[in-house]
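Report on the following structure.
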Amino acid sequence: MKIISVVGARPNFMKIAPFIHVVKKYNKINGNSIEHILVHTGQHYDDRMSKAFFKALNIPKADINLGIGSGSHAEQVGNTMIAFEKILLEEKPDWVIVLGDVNATLACSVTAKKLHIKVCHIEAGLRSGDEKMPEEINRLVTDRLSDLLLTPDTLSSENLRKEGVSDEKIKFVGNIMIDTLESNRNKAHKLNVAKIIESNLINGQNLIPRDFGIEQNSFALMTMHRPSNVDKKEILEPIIRFLLDKVTMDMPIIWPIHPRSQKQLQSFGLWNEVIASERLILLHPLGYHEMLKLNMISKIMLTDSGGLQEECTVLGTPCLTLRWNTERPITLRKNGGASVLVGNNITRIREEYKNTLKLNRTPDRPELWDGKTAERVLESILKAKI
Ligand code: UD1
């Protein structure tokens, strides 16, 4: 059997790692009966956004890199399709595996399907209901076309059934990202926080290394990169004001900043103020273990990332999700998870921030988030009768 797996952007890397390790194990026992080719579309290309994750998670270098890079969504998707089609015509795989909801997921599922190659979607069935999010469009199209839809939770399976997907295409396998979390927990635990800060600090800040006062439960951890939060000054500025005027008065904030958010802060003239704060620690995008370590010991998480909502649920980190909706309702406190939706309205953020500070860390373990999802993924592909 020949499989091509596709990755494009940072959140894909922690999802493909366990699958690659499971295929390797299977091949050892079964005489290399699976030929696996890893294709990187190149959407994320900075070392810190891409290469660092391959190294940390022991992912072999991609066999093929399409070198797509930055651009508008149409450019990224179009260029990926053109390049990926050539690979498919040459390699003729039995399966193409796509993950999550990034532009590579959409581009490669459409391309494979048009060439009558079977598509398997890992992390199928998530729905935010918000078609203004590029990721939602990517999910809808990919799920509509995929032959095998592997879901992380039963709510996602239900979403697919409601959309008319037949039962035999849906398989509830659990959350593959949690495989990565579980196998890297111990390594992350051993890291030193002062070292993480020192080695990732963005230049020009008024901070004295080793004097950050960072201990367990003494800081807020923050990430924010969604276009809906960072692309408009009238939305971004009040959030920055809240961070500087309120949160930093209570505790330091550590913010590993995404390139998009840094660019926007600079273009809106907010960068100098942010960088001047002694209590807002701006870091370059962190490696997998570094981020996991900070998440394990932070008092509170503020984020608009889907993956972090999930990791907070398993680690129990009280989380404010800076979005109005989520495709991952299983991570919400009302469903047993750790997060609450606060959107980008400051009154709401302020209120939930206050409530959340009173909470203690309470880890949750949704069904089949057990670190063994990759095995079920491979088993589902091997057994698929399509
Ligand atoms: C993408 C995903 C999003 C995911 C996020 C995680 C889509 C539609 N979105 O969004 O779901 O949560 O990745 O990071 O696929 N840039 C760099 N270096 C890089 C990569 C990007 O500087 O290595 C810059 C780009 O030039 C661009 C900005 O960051 O200006 C955004 O990058 P892009 O790949 O378009 O989307 P993300 O916002 O990262």
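Residue names in the structure tokens use chain letters A, B, ... in the order shown, residue numbers from 1 in each chain, and ligand numbers from 1 in the order shown.
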
9 Å shell around ligand 1 using only C-alpha atoms and all ligand atoms, listed as a PyMOL selection string: chain A and resi 8-12+42-50+69-73+76+100-106+133-138+225-227+258-263+304-307

Residue list (alpha helix (DSSP H), DSSP) for range 87-154 of chain A, as a ChimeraX atom specification: /A:87-91,103-114,134-145,154

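Of note, CA of Thr180 in chain A and CA of Phe54 in chain A are spaced 12.4 Å apart.
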
So, with only C-alpha atoms as the atoms that count, which of A:Val274, A:Ile381, A:Val141, A:Met296 lies closest to Asn186 in chain A? A:Met296

In Å, how far is it from CA of Asp153 in chain A to CA of Phe172 in chain A? 6.4 Å

Could you tell me which of A:Leu302, A:Ile4, A:Leu286, A:Leu382 comes closest to Phe53 in chain A if we count only C-alpha atoms? A:Leu286

Using only C-alpha atoms, find the one residue out of A:Lys86, A:Lys118, A:Lys171, A:Lys51 that sits nearest to Lys2 in chain A.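 Distance minimum relative to Lys2 in chain A lands on A:Lys118.
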
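Proximity to Leu359 in chain A was assessed for A:Leu308, A:Leu244, A:Ile300, A:Ile117 counting only C-alpha atoms; the smallest distance is recorded for A:Ile300.
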